[in-house]
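Okay, protein04.txt now, which holds compact mmCIF, C-alpha atoms:
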```txt
# COMPACT_ATOMS: atom_id res chain seq x y z
CA MET V 1 35.99 47.45 88.38
CA SER V 2 39.05 49.45 87.58
CA GLN V 3 40.29 51.32 90.59
CA SER V 4 41.70 54.78 90.49
CA SER V 5 45.45 55.11 90.41
CA ILE V 6 47.67 57.66 92.03
CA ILE V 7 51.22 58.70 91.33
CA GLY V 8 52.22 60.33 94.58
CA ALA V 9 54.25 63.48 95.02
CA GLY V 10 57.34 61.51 95.98
CA THR V 11 57.17 59.24 92.98
CA THR V 12 58.89 59.44 89.62
CA LEU V 13 57.79 57.18 86.81
CA ARG V 14 59.82 56.80 83.64
CA GLY V 15 57.75 54.91 81.15
CA ASN V 16 54.29 54.67 79.75
CA LEU V 17 51.00 54.34 81.57
CA ASP V 18 48.09 52.58 79.97
CA GLY V 19 44.82 51.72 81.52
CA GLU V 20 41.21 52.10 82.42
CA GLY V 21 39.74 54.24 85.10
CA SER V 22 41.12 57.41 86.51
CA LEU V 23 44.64 58.48 87.31
CA GLU V 24 45.87 61.24 89.58
CA ILE V 25 49.41 62.46 89.13
CA TYR V 26 51.04 64.40 91.95
CA GLY V 27 54.54 63.21 91.17
CA ARG V 28 56.57 63.16 88.02
CA VAL V 29 55.84 61.11 84.93
CA GLU V 30 58.26 60.96 82.04
CA GLY V 31 56.35 59.09 79.38
CA ASP V 32 53.01 58.91 77.68
CA VAL V 33 49.79 58.47 79.57
CA ASN V 34 46.82 56.70 78.04
CA MET V 35 43.66 56.34 80.07
CA THR V 36 40.01 55.75 79.32
CA GLY V 37 38.79 57.73 82.30
CA GLU V 38 39.95 60.93 83.88
CA VAL V 39 43.56 62.00 84.22
CA LEU V 40 44.25 64.66 86.80
CA VAL V 41 47.64 66.33 87.04
CA GLY V 42 47.80 67.93 90.46
CA GLU V 43 49.60 71.13 91.43
CA THR V 44 52.74 69.23 92.35
CA GLY V 45 52.47 66.94 89.37
CA SER V 46 54.51 67.19 86.22
CA VAL V 47 54.32 65.18 83.05
CA LEU V 48 56.81 65.04 80.22
CA GLY V 49 54.87 63.28 77.53
CA GLN V 50 51.50 63.08 75.86
CA ILE V 51 48.33 62.57 77.82
CA SER V 52 45.24 61.17 76.23
CA ALA V 53 42.18 60.34 78.22
CA GLY V 54 38.46 60.78 78.40
CA ARG V 55 38.94 63.85 80.47
CA VAL V 56 42.21 65.60 81.20
CA SER V 57 42.40 68.06 84.06
CA VAL V 58 45.65 69.89 84.72
CA SER V 59 46.75 72.03 87.64
CA GLY V 60 50.42 71.19 87.34
CA ALA V 61 52.99 71.18 84.58
CA VAL V 62 52.77 69.27 81.34
CA GLN V 63 55.17 69.29 78.44
CA GLY V 64 53.38 67.36 75.75
CA ASP V 65 50.11 67.21 73.90
CA LEU V 66 46.82 66.80 75.73
CA ARG V 67 43.97 64.95 74.11
CA GLY V 68 40.60 64.42 75.65
CA SER V 69 37.81 62.43 74.04
CA GLU V 70 35.52 64.40 76.32
CA ALA V 71 37.32 67.45 77.66
CA VAL V 72 40.64 69.07 78.44
CA LEU V 73 40.59 71.48 81.37
CA LEU V 74 43.47 73.64 82.50
CA GLU V 75 43.02 74.92 86.01
CA ARG V 76 44.63 77.88 87.65
CA GLY V 77 48.35 77.23 88.05
CA ALA V 78 48.59 74.89 85.09
CA LYS V 79 51.61 75.21 82.83
CA VAL V 80 51.26 73.44 79.55
CA VAL V 81 53.60 73.40 76.59
CA GLY V 82 51.81 71.40 73.95
CA ASP V 83 48.70 71.19 71.87
CA LEU V 84 45.24 70.78 73.33
CA SER V 85 42.52 68.95 71.51
CA ALA V 86 39.13 67.90 72.80
CA PRO V 87 35.46 68.57 72.09
CA ARG V 88 35.57 70.85 75.11
CA VAL V 89 38.65 72.79 76.11
CA GLY V 90 38.69 74.93 79.21
CA ILE V 91 41.52 77.26 80.15
CA ALA V 92 41.06 78.91 83.50
CA ASN V 93 42.31 82.30 84.49
CA GLY V 94 45.91 81.88 85.64
CA ALA V 95 46.69 78.89 83.46
CA LEU V 96 49.64 79.15 81.12
CA VAL V 97 49.59 77.53 77.71
CA ARG V 98 51.91 77.46 74.77
CA GLY V 99 50.51 75.45 71.91
CA SER V 100 47.59 75.22 69.59
CA VAL V 101 44.06 74.54 70.74
CA ARG V 102 41.43 72.60 68.88
CA THR V 103 37.98 72.32 70.31
CA GLU V 104 36.93 69.44 68.19
CA GLY V 105 36.71 65.71 68.65
CA GLU V 106 39.07 63.34 66.97
CA PRO V 107 36.91 62.56 63.94
CA ALA V 108 35.81 66.14 63.31
CA PRO V 109 39.18 67.62 62.27
CA ALA V 110 39.77 64.74 59.89
CA GLN V 111 36.43 65.39 58.15
CA HIS V 112 37.13 69.09 57.94
CA LYS V 113 40.48 68.41 56.40
CA ARG V 114 38.90 66.19 53.80
CA VAL V 115 36.21 68.73 53.03
CA ALA V 116 38.75 71.50 52.81
CA ALA V 117 41.06 69.47 50.64
CA ALA V 118 38.39 68.08 48.32
CA PRO V 119 36.60 71.23 47.03
CA PRO V 120 39.67 73.08 45.75
CA ALA V 121 40.47 70.29 43.33
CA PRO V 122 36.97 70.14 41.77
CA LYS V 123 36.68 73.93 41.74
CA ALA V 124 40.02 74.28 40.05
CA ALA V 125 39.36 71.57 37.54
CA PRO V 126 35.84 72.50 36.30
CA PRO V 127 36.68 76.11 35.42
CA ALA V 128 39.41 74.92 33.15
CA LEU V 129 37.09 72.45 31.51
CA LYS V 130 34.25 74.97 31.18
CA SER V 131 36.41 77.76 29.83
CA ALA V 132 37.91 75.54 27.23
CA PRO V 133 34.59 74.52 25.64
CA PHE V 134 33.20 78.07 25.85
CA VAL V 135 36.14 79.49 24.04
CA ALA V 136 36.27 76.75 21.53
CA LYS V 137 32.62 77.02 20.44
CA PRO V 138 32.51 80.82 19.98
CA VAL V 139 35.77 80.79 18.08
CA ALA V 140 34.17 78.64 15.46
CA LYS V 141 30.95 80.69 15.18
CA VAL V 142 31.29 84.29 16.23
CA GLU V 143 33.96 86.88 15.59
CA PRO V 144 34.39 88.72 18.94
CA PRO V 145 35.63 85.61 20.67
CA VAL V 146 38.12 85.20 17.88
CA VAL V 147 39.43 88.67 18.62
CA GLN V 148 39.62 87.73 22.23
CA ALA V 149 41.42 84.60 21.30
CA LEU V 150 43.90 86.60 19.24
CA ALA V 151 44.27 89.08 22.03
CA ALA V 152 44.87 86.22 24.37
CA ALA V 153 47.34 84.74 21.96
CA ALA V 154 49.09 88.04 21.36
CA PRO V 155 50.98 88.20 24.62
CA ALA V 156 52.41 84.82 23.91
CA VAL V 157 53.40 85.66 20.32
CA ARG V 158 55.62 88.70 20.35
CA PRO V 159 55.75 89.66 16.64
CA HIS V 160 52.11 90.89 16.54
CA PRO V 161 52.32 94.06 18.66
CA PRO V 162 55.06 95.71 16.52
CA GLU V 163 52.97 95.16 13.40
CA ARG V 164 49.95 96.78 14.99
CA ARG V 165 51.54 100.05 15.84
CA PRO V 166 49.22 102.96 15.99
CA PRO V 167 49.50 105.19 12.94
CA PRO V 168 51.95 108.07 13.29
CA PRO V 169 50.29 111.22 14.58
CA VAL V 170 48.94 113.42 11.87
CA LEU V 171 50.06 116.97 12.51
CA PRO V 172 47.73 119.62 11.17
CA SER V 173 49.45 121.82 8.68
CA LEU V 174 50.23 125.10 10.27
CA GLY V 175 49.02 128.40 8.99
CA LYS V 176 51.70 130.82 7.84
CA GLY V 177 50.85 133.61 10.23
CA ALA V 178 49.99 133.93 13.93
CA LYS V 179 49.84 130.26 14.80
CA GLY V 180 53.51 129.76 14.16
CA LYS V 181 54.42 132.65 16.39
CA LYS V 182 52.23 131.42 19.19
CA LYS V 183 53.87 128.05 19.05
CA LYS V 184 57.28 129.57 19.14
CA ASP V 185 56.18 131.53 22.18
CA ARG V 186 55.09 128.31 23.87
CA ASP V 187 58.35 126.57 23.10
CA GLU V 188 60.30 129.46 24.51
CA MET H 1 46.39 56.40 102.16
CA ALA H 2 49.18 55.17 100.08
CA GLY H 3 51.26 57.76 98.32
CA THR H 4 51.27 55.97 95.02
CA VAL H 5 48.71 53.49 93.76
CA ILE H 6 48.93 51.63 90.49
CA GLY H 7 45.28 50.68 90.21
CA GLU H 8 43.81 47.48 88.91
CA GLY H 9 43.09 48.74 85.43
CA LEU H 10 46.47 50.34 84.93
CA SER H 11 49.47 48.98 83.08
CA VAL H 12 52.82 50.60 83.62
CA GLU H 13 55.82 49.94 81.46
CA GLY H 14 58.87 51.63 82.87
CA ASP H 15 60.68 52.51 86.03
CA ILE H 16 59.03 53.77 89.17
CA THR H 17 61.14 55.53 91.76
CA SER H 18 59.52 56.74 94.94
CA ASP H 19 60.20 57.85 98.48
CA GLU H 20 56.72 57.00 99.68
CA GLU H 21 54.51 53.97 99.99
CA VAL H 22 53.71 52.26 96.72
CA VAL H 23 50.76 49.94 96.18
CA VAL H 24 50.55 47.97 92.96
CA GLN H 25 47.24 46.42 92.02
CA GLY H 26 47.64 46.58 88.28
CA ASN H 27 50.36 45.48 85.93
CA LEU H 28 53.94 46.63 86.04
CA ARG H 29 56.83 45.85 83.77
CA GLY H 30 60.16 47.45 84.45
CA LYS H 31 61.53 48.37 87.82
CA LEU H 32 60.07 49.51 91.11
CA THR H 33 62.18 51.22 93.73
CA SER H 34 60.90 52.87 96.88
CA SER H 35 62.47 53.97 100.12
CA ASP H 36 59.20 53.20 101.86
CA ALA H 37 56.91 50.17 101.97
CA VAL H 38 55.92 48.40 98.77
CA SER H 39 52.78 46.32 98.50
CA ILE H 40 51.97 44.07 95.56
CA GLY H 41 48.22 43.46 95.58
CA PRO H 42 46.46 40.14 94.93
CA SER H 43 45.32 40.96 91.40
CA SER H 44 48.59 42.39 90.19
CA VAL H 45 51.13 41.01 87.76
CA VAL H 46 54.59 42.43 88.17
CA GLN H 47 57.56 41.68 85.98
CA ALA H 48 60.13 43.82 87.63
CA ASP H 49 62.86 44.00 90.19
CA VAL H 50 61.27 45.36 93.34
CA ALA H 51 63.08 47.20 96.08
CA GLY H 52 61.54 48.83 99.12
CA GLN H 53 61.98 49.37 102.83
CA SER H 54 59.64 46.42 103.18
CA VAL H 55 57.92 44.44 100.47
CA SER H 56 54.65 42.57 100.75
CA ILE H 57 53.63 40.28 97.92
CA ALA H 58 50.10 39.00 97.41
CA GLY H 59 50.12 38.92 93.62
CA GLN H 60 52.42 37.53 91.00
CA VAL H 61 55.96 38.82 90.89
CA THR H 62 58.72 37.84 88.53
CA GLY H 63 61.97 39.51 89.45
CA ASP H 64 64.37 40.02 92.28
CA VAL H 65 63.06 41.49 95.51
CA SER H 66 65.14 43.28 98.07
CA ALA H 67 64.31 45.11 101.26
CA PRO H 68 66.50 46.20 104.18
CA GLU H 69 63.64 45.49 106.57
CA ARG H 70 61.51 42.55 105.44
CA VAL H 71 59.89 40.68 102.58
CA ASP H 72 56.60 38.85 103.05
CA ILE H 73 54.89 36.59 100.57
CA GLN H 74 51.22 36.43 101.48
CA ALA H 75 48.95 33.45 100.97
CA GLY H 76 48.10 33.31 97.26
CA GLY H 77 51.19 35.31 96.41
CA ARG H 78 53.69 34.04 93.90
CA LEU H 79 57.30 35.04 93.55
CA VAL H 80 59.84 33.85 91.05
CA GLY H 81 63.15 35.53 91.78
CA ASP H 82 65.78 36.04 94.39
CA VAL H 83 65.07 37.62 97.74
CA LYS H 84 67.48 39.73 99.74
CA ALA H 85 66.14 40.88 103.09
CA ALA H 86 66.85 40.86 106.82
CA ARG H 87 63.57 39.07 107.45
CA PHE H 88 61.66 36.89 105.05
CA THR H 89 58.37 35.05 105.51
CA ILE H 90 56.47 32.79 103.16
CA ALA H 91 52.85 32.31 104.15
CA ASP H 92 51.04 29.01 103.86
CA GLY H 93 49.60 28.85 100.36
CA ALA H 94 52.23 31.08 98.82
CA SER H 95 54.53 29.91 96.06
CA PHE H 96 58.15 30.84 95.71
CA LYS H 97 61.05 29.91 93.52
CA GLY H 98 64.42 31.52 94.00
CA ALA H 99 67.35 32.07 96.28
CA VAL H 100 67.24 33.75 99.65
CA ASP H 101 69.95 35.97 101.08
CA MET H 102 69.31 37.05 104.65
CA GLU H 103 72.72 38.59 105.11
CA VAL H 104 73.79 36.07 107.68
```

Could the structure of this file be written out as structure tokens, please?
Amino acid sequence: MSQSSIIGAGTTLRGNLDGEGSLEIYGRVEGDVNMTGEVLVGETGSVLGQISAGRVSVSGAVQGDLRGSEAVLLERGAKVVGDLSAPRVGIANGALVRGSVRTEGEPAPAQHKRVAAAPPAPKAAPPALKSAPFVAKPVAKVEPPVVQALAAAAPAVRPHPPERRPPPPVLPSLGKGAKGKKKKDRDE
Amino acid sequence: MAGTVIGEGLSVEGDITSDEEVVVQGNLRGKLTSSDAVSIGPSSVVQADVAGQSVSIAGQVTGDVSAPERVDIQAGGRLVGDVKAARFTIADGASFKGAVDMEV
């Protein structure tokens, strides 16, 4: 079967790795790594590129996204700049990460996105449809809705508000005596 | 144990530079340079120039091979490319096409 592969500490690889089985990286890889089995980045290992594998275990440095169909595990001493995504993501005490983490499999996020994207459209659309018929029917039959309709229309049509000014205040006629004096006192 | 092993199921496309022993049992396309021994296993297919302190070939190699020490093509090994080495052996059952420079 497929044998495990090792990139030793004294080795630098510029290019992409593709394969089955497991891979241990103690050297430097500048390129993407694609494995079906486990990829282990040792303490001395560093990877500049994406890693996707069944299981990704990091104790070294990685600058790139990590994807595990099974798990992504960052051990103590790991330094990762990139996004992590796997059904199981483990970040040990002492591991450094800068990036987003998603503890979901590959298919799951896609479904969630669809679900999240789909409802808003239906929800937005039906209210408009429902409100339109509801308004339309009452307008024909009952008066209150008509008022509402006018009220709703009013903001749009400016001329109405000026016409509907409240009546001017009716001032009670003042008595000739004390009341007038009191008022004068107040004004002063 | 070898410092670097490109296992049987692994395909590498790119350059490998190393200062330790390199064993290739998978596929390699690009370039392989090591300051230590290089071994190309029986099941491997290598399309690359290979340079090492010494190079042993038991698989298929297409590319130039150079080593200050020695180059050996094992039985069953196949090399298409030029060889530059102080010592060079071709085992019975090996196939080889290319020029040889032994720095005479």

Practice problem: Give the residues of chain V that lie within 6 Å of chain H; count only C-alpha atoms, and format the answer as number ranges by chain. | Solution: V: 2-8, 10-20

Quiz item: Which one of V:Ser69, V:Ser59, V:Ser85, V:Asn93 sits closest to Gly37 of chain V if you count all atoms listed in the file?
Solution: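 Under the stated criterion, the closest residue is V:Ser69.
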
Practice problem: May I have the protein, DNA and RNA residues with an atom at most 12 Å from (46.5, 71.3, 86.0), counting only C-alpha atoms in the file's coordinates, returned as a ChimeraX atom specification? | Solution: /V:24-26,39-47,55-63,66,72-81,90-97

Quiz item: Do you know which residues are at most 6 Å from Gly77 of chain H counting all atoms listed in the file, after dropping those on the same chain fewer than 4 positions away, and could you put them as a list of chain:residue names?
Solution: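 Near neighbours after the sequence-gap exclusion: H:Ile57, H:Ala58, H:Gly59, H:Gln60, H:Ile73, H:Ala94.
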
Return as AutoDock Vina command-line options the box centre and box size in Å, one decimal, for an axis-aligned box around all listed atoms of segment 55-64 of chain H padded by 8 Å per side.
```
--center_x 57.2 --center_y 41.0 --center_z 94.6 --size_x 30.3 --size_y 22.9 --size_z 28.2
```

Quiz item: Residues at most 12 Å from Val104 of chain H, counting all atoms listed in the file, excluding those fewer than 6 positions away in the same chain, as a list in words?
Solution: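 Within the cut-off, the hits are Lys84, Ala85, Ala86 and Arg87 of chain H.
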
Exercise. Rank V:Ile51, V:Ala86, V:Val33, V:Val101 by their smallest atom-to-atom distance to Ala71 of chain V, using all atoms listed in the file, and report the top residue only.
Key: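 Closest to Ala71 of chain V, using all atoms listed in the file: V:Ala86.
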
Quiz prompt | Which of H:Val83, H:Val38, H:Val55, H:Val100 sits closest to Arg70 of chain H [using only C-alpha atoms] | solution = H:Val55

Quiz item: In Å, how far is it from atom CA of Ala91 of chain H to atom CA of Pro68 of chain H?
Solution: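 A separation of 19.5 Å between them.
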
Quiz item: For the atom pair atom CA of Ile40 of chain H and atom CA of Gln53 of chain H, what is the interatomic distance in Å to one decimal place?
Solution: 13.5 Å

Practice problem: Grab the atom CA of Ser39 of chain H to atom CA of Glu38 of chain V distance for me, in Å with one decimal place. | Solution: 24.3 Å

Exercise. Using all atoms listed in the file, pick whichever of H:Gln74, H:Leu79, H:Ala37, H:Pro42 has the shortest atom-to-atom distance to Val61 of chain H.
Key: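 Selected residue with least distance to Val61 of chain H: H:Leu79.
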
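Within 8 Å of the point (53.9, 28.1, 96.7), counting only C-alpha atoms, the protein and nucleic acid residues come to Gly76, Gly77, Arg78, Asp92, Gly93, Ala94, Ser95 and Phe96 of chain H.
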
Exercise. With a distance cut-off of 8 Å and all atoms listed in the file, select the neighbouring residues of Thr62 of chain H, excluding the residue or stretch itself and same-chain residues fewer than 6 positions from it, and output the selection as a PyMOL selection string.
Key: chain H and resi 46-49+79-81
